[in-house]
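Peer 1: Dropping a structure here in structure tokens format, bear with me for questions.
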Amino acid sequence: MTTDSPAPATGIDPRGPRFGAGVTAVLLLVVIGLGLVGGTPATLLDRVGQPAFLLLAALTLVFAWGAFAGIRRHPYGVLFRVVVRPRLAPPSELEDPAPPTFAQGVGFVVALAGVVLHLLGVPFGLVGAAAAAFVAAFLNAVFAYCLGCQIYLVLARVGLVGKRGAAAA
Amino acid sequence: MTRPAELTTFLDMDAVTVAIALAGLVLAATLLGVLHRVSQGRARTVAGSPVVRLDGVVLGDRATLLQFSSEVCTPCRATARVLDDLAARVEAVAHVELDVARRPELASRFHVLQTPTTLILDADGAVRSRMGGAVRRDVVLAELERVLAA
């Protein structure tokens with residue numbers, strides 16, 4: 001999830017990831033709605049066949065795509081470039097792709113947790129994980145909230161990321 | 001796995017309950033967003049802070065704008081631009097940016113919970129003001145003037 005390269009010379013349009021977060025938020029809201037209606041059936045086969053589960057599994061793959069292939073190759077990013085951006089004014093400034101790529105990684109972990117919990121038959125596991133991911137995606141889309149600003153710091157403080165050199169930045 | 005029948009029934013909600021739950025979730029997220037936005041860039045006065053000495057960091061003669069950043073943080077870039085500009089315009093004030101991934105011990109020492117977090121240190125190196133989130137230029141300038149006047 002982390003990149004070792006410094007900030008690239010060419011950035012991305014900051015509205016791209018926010019557009020993607022909006023699409024993600026709407027789809028997660030659908031997952032939560034379907035999940036609340038469908039509940040947690042007793043048999044594994046019934047749980048796997050549920051629309052809520054299938055949609056969240058698909059979203060998990062999309063998050064993985066954004067996190068591991070990078071936000072530039074994210075399917076919603078492509079949709080934004082092809083369909084939305086030609087209708088907008090050029091961006092006032094470009095942005096580093098590292099923060100939204102990191103956010104995709106966090107989304108992947110949370111969505112994957114929901115998939116696993118649902119497979120295990122944990123009640124509200126799918127809905128809970130989808131709700132957490134929804135809040136993050138919604139805040140990102142509407143308020144330009146930056147997930148990496150908090151979570152990355154926690155990971156750095158517990159020593160999971162960083163510490164590549166002792167020099168001050 | 002089997003579970004009690006009443007639990008399964010409880011989870012099978014009707015459409016109205018689901019709609020209310022979804023609306024509640026959107027409302028809660030909106031409130032969270034508004035609270036977050038209001039808290040961004042707010043300055044908090046710090047008093048009685050001990051003098052800090054940071055190895056490898058050269059402080060400004062009169063004051064230092066100490067910014068904690070991370071590479072996955074978008075508002076850190078905008079904050080760095082504002083603080084850089086202020087440090088260039090105000091005499092003997094330095095802007096120092098630290099990467100929390102490289103200096104996690106400093107992030108812990110100053111209880112940094114989000115990036116960017118900006119501390120204003122006085123001439124002695126004591127923390128006098130603290131701002132969480134993206135900074136607002138007018139707020140930083142007012143705090144800086146207060147610290148310089150003291």
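Identifiers in the structure tokens: chain A, B, ... in order shown; residue index from 1 per chain; ligand index from 1 in order shown.
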Show me, as a tab-separated table (two decimals) with N, CA and C atoms, in the first residue's frame, the residues that have an atom within 9 Å of A:Ala156 when counting only C-alpha atoms, minus same-chain residues fewer than 3 positions from it.
Peer 2:
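Output below, filename selection21.tsv:
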```
chain	number	residue	atom	x	y	z
A	151	ILE	N	-5.23	7.17	9.52
A	151	ILE	CA	-4.91	5.74	9.63
A	151	ILE	C	-3.42	5.48	9.41
A	152	TYR	N	-2.83	6.17	8.42
A	152	TYR	CA	-1.42	5.96	8.11
A	152	TYR	C	-0.55	6.31	9.31
A	153	LEU	N	-0.98	7.38	10.01
A	153	LEU	CA	-0.24	7.84	11.19
A	153	LEU	C	-0.26	6.78	12.28
A	159	GLY	N	4.61	1.24	14.06
A	159	GLY	CA	5.77	0.68	13.39
A	159	GLY	C	5.47	-0.22	12.21
A	160	LEU	N	4.24	-0.20	11.69
A	160	LEU	CA	3.90	-1.06	10.56
A	160	LEU	C	4.34	-0.48	9.22
A	161	VAL	N	4.46	0.84	9.15
A	161	VAL	CA	4.93	1.45	7.91
A	161	VAL	C	6.04	2.44	8.24
A	162	GLY	N	6.84	2.74	7.23
A	162	GLY	CA	7.79	3.84	7.33
A	162	GLY	C	9.11	3.49	7.98
A	163	LYS	N	9.75	4.51	8.57
A	163	LYS	CA	11.07	4.40	9.20
A	163	LYS	C	12.10	3.99	8.16
B	100	VAL	N	5.95	11.63	9.53
B	100	VAL	CA	5.67	10.78	10.70
B	100	VAL	C	6.16	9.36	10.49
B	101	ALA	N	6.25	8.92	9.22
B	101	ALA	CA	6.73	7.56	8.96
B	101	ALA	C	8.23	7.46	9.27
B	102	ARG	N	8.94	8.59	9.14
B	102	ARG	CA	10.37	8.57	9.43
B	102	ARG	C	10.67	8.92	10.87
B	103	ARG	N	9.79	9.70	11.48
B	103	ARG	CA	10.00	10.09	12.88
B	103	ARG	C	8.79	9.73	13.73
B	104	PRO	N	8.43	8.43	13.79
B	104	PRO	CA	7.23	8.06	14.57
B	104	PRO	C	7.38	8.38	16.05
B	107	ALA	N	6.13	11.80	16.57
B	107	ALA	CA	4.67	11.83	16.49
B	107	ALA	C	4.05	11.36	17.80
```
Peer 1: Do a neighbour search on stretch 88-98 of chain A at 6 Å with only C-alpha atoms, toss out local chain neighbours closer than 2 positions, and write the hits as a list in words.
Peer 2: Gly11, Ile12, Asp13, Pro14, Arg85, Pro86, Pro100 and Thr101 of chain A; Val72 of chain B
Peer 1: Write out the residues from the selection above, keeping C-alpha atoms, as a short mmCIF file (atom, residue, chain, number, x, y, z; two decimals), in the first residue's frame.
Peer 2:
```
data_model
loop_
_atom_site.label_atom_id
_atom_site.label_comp_id
_atom_site.auth_asym_id
_atom_site.auth_seq_id
_atom_site.Cartn_x
_atom_site.Cartn_y
_atom_site.Cartn_z
CA GLY A 11 -0.35 14.23 -10.51
CA ILE A 12 -3.95 13.22 -10.93
CA ASP A 13 -7.11 15.30 -11.05
CA PRO A 14 -8.24 15.39 -7.37
CA ARG A 85 -13.72 15.07 -16.94
CA PRO A 86 -14.32 16.18 -20.56
CA PRO A 100 -6.21 7.90 -2.68
CA THR A 101 -4.29 4.71 -3.46
CA VAL B 72 -0.49 9.67 1.92
#
```
Peer 1: Could you please determine the separation between atom CA of B:Val139 and atom CA of B:Arg44 in Å, to one decimal place?
Peer 2: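 Atom-to-atom, atom CA of B:Val139 to atom CA of B:Arg44, that is 10.5 Å.
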Peer 1: So that I can see what lies close to A:Ala67, please list as a list in words the residues with an atom at most 10 Å from it, counting only C-alpha atoms and leaving out residues fewer than 2 positions away in the same chain.
Peer 2: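 In the requested format, the answer is Met1, Thr2, Leu61, Val62, Phe63, Ala64, Trp65, Ala69, Gly70, Ile71, Arg73, His74, Ala98, Pro100, Thr101, Phe102, Ala103, Gln104, Gly105, Val106, Gly107 and Phe108 of chain A.
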Peer 1: Could those residues be written to a file, using C-alpha atoms, as a compact mmCIF listing (two decimals), in the first residue's frame?
Peer 2:
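Saved to again-v9.txt:
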```
# COMPACT_ATOMS: atom_id res chain seq x y z
CA MET A 1 0.00 0.00 0.00
CA THR A 2 2.92 2.35 0.48
CA LEU A 61 -12.12 -6.77 -5.92
CA VAL A 62 -12.50 -3.19 -7.18
CA PHE A 63 -10.80 -1.90 -3.98
CA ALA A 64 -7.99 -4.42 -4.54
CA TRP A 65 -7.64 -3.17 -8.10
CA ALA A 69 -2.74 -1.48 -9.56
CA GLY A 70 -2.77 2.13 -8.35
CA ILE A 71 -5.54 4.74 -8.39
CA ARG A 73 -5.80 2.38 -13.28
CA HIS A 74 -8.91 2.24 -11.08
CA ALA A 98 -0.47 8.11 -3.13
CA PRO A 100 -6.21 7.90 -2.68
CA THR A 101 -4.29 4.71 -3.46
CA PHE A 102 -3.71 4.22 0.28
CA ALA A 103 -7.43 4.85 0.93
CA GLN A 104 -8.28 2.11 -1.58
CA GLY A 105 -6.06 -0.26 0.43
CA VAL A 106 -7.92 0.59 3.64
CA GLY A 107 -11.23 0.07 1.79
CA PHE A 108 -9.97 -3.31 0.57
```
Peer 1: Among stretch 10-120 of chain B, which residues carry a DSSP assignment of alpha helix (DSSP H), reported as a VMD selection string?
Peer 2: chain B and resid 10 to 11 15 to 39 74 to 89 104 to 109
Peer 1: Return the single residue from B:Asp85, B:Asp124, B:Asp55, B:Glu91 that is closest to B:Glu105, with distances computed using only C-alpha atoms.
Peer 2: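 Ranked by minimum distance to B:Glu105, first place goes to B:Asp55.
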Peer 1: Do you know which residues are at most 9 Å from B:Val135 counting only C-alpha atoms, after dropping those on the same chain fewer than 6 positions away, and could you put them as a list in words?
Peer 2: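 In the requested form, the answer reads Gln40, Gly41, Arg42, Ala43, Pro75, Ala78, Thr79, Val82, Leu83, Pro116, Thr117 and Thr118 of chain B.
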Peer 1: Which residue out of A:Val30, A:Ala113, A:Leu45, A:Leu36 has the minimum interatomic distance to chain B when only C-alpha atoms are used?
Peer 2: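 Comparing A:Val30, A:Ala113, A:Leu45, A:Leu36 against chain B, the winner is A:Leu36.
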Peer 1: Which residues are close to A:Val115, i.e. within 10 Å by only C-alpha atoms, leaving aside same-chain residues fewer than 6 positions away? Reply as an MDAnalysis selection string.
Peer 2: chainID A and resid 48 52:54 56:57 60 109 121 125:127 129:130
Peer 1: Which residues are close to B:Ser39, i.e. within 9 Å by only C-alpha atoms, leaving aside same-chain residues fewer than 5 positions away? Reply as number ranges by chain.
Peer 2: B: 34, 132-133
Peer 1: Within 8 Å of stretch 60-62 of chain B, counting only C-alpha atoms, which residues show up once you throw out same-chain ones fewer than 2 positions away? Write them as a PyMOL selection string, please.
Peer 2: chain B and resi 58+64+92-95+122-123+148
Peer 1: Going by DSSP on the backbone, which residues of stretch 1-147 of chain B come out as strand (DSSP E or B)? List them as a PyMOL selection string.
Peer 2: chain B and resi 43-45+51+63-69+93-99+117-122+126-132
Peer 1: Given the selection you just returned, output its residues as a file containing C-alpha atoms, formatted as a PDB file, in the first residue's frame.
Peer 2:
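Ended up saving to out.pdb:
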```
ATOM      1  CA  ALA B  43      -5.756  26.652  16.963  1.00  0.00           C
ATOM      2  CA  ARG B  44      -5.316  25.598  20.560  1.00  0.00           C
ATOM      3  CA  THR B  45      -3.108  27.559  22.916  1.00  0.00           C
ATOM      4  CA  VAL B  51      11.384  23.155  25.899  1.00  0.00           C
ATOM      5  CA  ALA B  63       9.623  30.934  16.178  1.00  0.00           C
ATOM      6  CA  THR B  64       9.234  27.627  14.353  1.00  0.00           C
ATOM      7  CA  LEU B  65       6.267  26.239  12.464  1.00  0.00           C
ATOM      8  CA  LEU B  66       6.690  22.507  13.076  1.00  0.00           C
ATOM      9  CA  GLN B  67       4.518  20.465  10.716  1.00  0.00           C
ATOM     10  CA  PHE B  68       3.919  16.714  10.954  1.00  0.00           C
ATOM     11  CA  SER B  69       3.087  15.214   7.550  1.00  0.00           C
ATOM     12  CA  VAL B  93      10.606  32.173  11.534  1.00  0.00           C
ATOM     13  CA  ALA B  94      11.369  28.680  10.204  1.00  0.00           C
ATOM     14  CA  HIS B  95       9.096  26.033   8.736  1.00  0.00           C
ATOM     15  CA  VAL B  96      10.124  22.469   9.558  1.00  0.00           C
ATOM     16  CA  GLU B  97       8.220  19.546   8.053  1.00  0.00           C
ATOM     17  CA  LEU B  98       8.627  16.078   9.562  1.00  0.00           C
ATOM     18  CA  ASP B  99       7.425  12.828   7.990  1.00  0.00           C
ATOM     19  CA  THR B 117      -0.600  18.671  12.680  1.00  0.00           C
ATOM     20  CA  THR B 118       1.171  22.007  13.109  1.00  0.00           C
ATOM     21  CA  LEU B 119       2.896  23.159  16.306  1.00  0.00           C
ATOM     22  CA  ILE B 120       4.192  26.674  16.827  1.00  0.00           C
ATOM     23  CA  LEU B 121       7.361  26.700  18.898  1.00  0.00           C
ATOM     24  CA  ASP B 122       8.646  29.919  20.451  1.00  0.00           C
ATOM     25  CA  ALA B 126       8.599  25.465  23.733  1.00  0.00           C
ATOM     26  CA  VAL B 127       5.268  24.491  22.155  1.00  0.00           C
ATOM     27  CA  ARG B 128       2.910  27.478  22.290  1.00  0.00           C
ATOM     28  CA  SER B 129       0.153  26.616  19.839  1.00  0.00           C
ATOM     29  CA  ARG B 130      -1.257  23.570  18.156  1.00  0.00           C
ATOM     30  CA  MET B 131      -3.396  23.139  15.017  1.00  0.00           C
ATOM     31  CA  GLY B 132      -4.843  19.856  13.777  1.00  0.00           C
TER      32      GLY B 132
END
```
Peer 1: From the options A:Gly66, A:Gly148, A:Gly114, A:Gly77, which residue's atoms come nearest to chain B, counting only C-alpha atoms?
Peer 2: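 Under the stated criterion, the closest residue is A:Gly148.
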Peer 1: Considering only C-alpha atoms, state which residue in the set A:Arg87, A:Leu117, A:Gly33, A:Arg47 is at the smallest distance from chain B.
Peer 2: A:Gly33
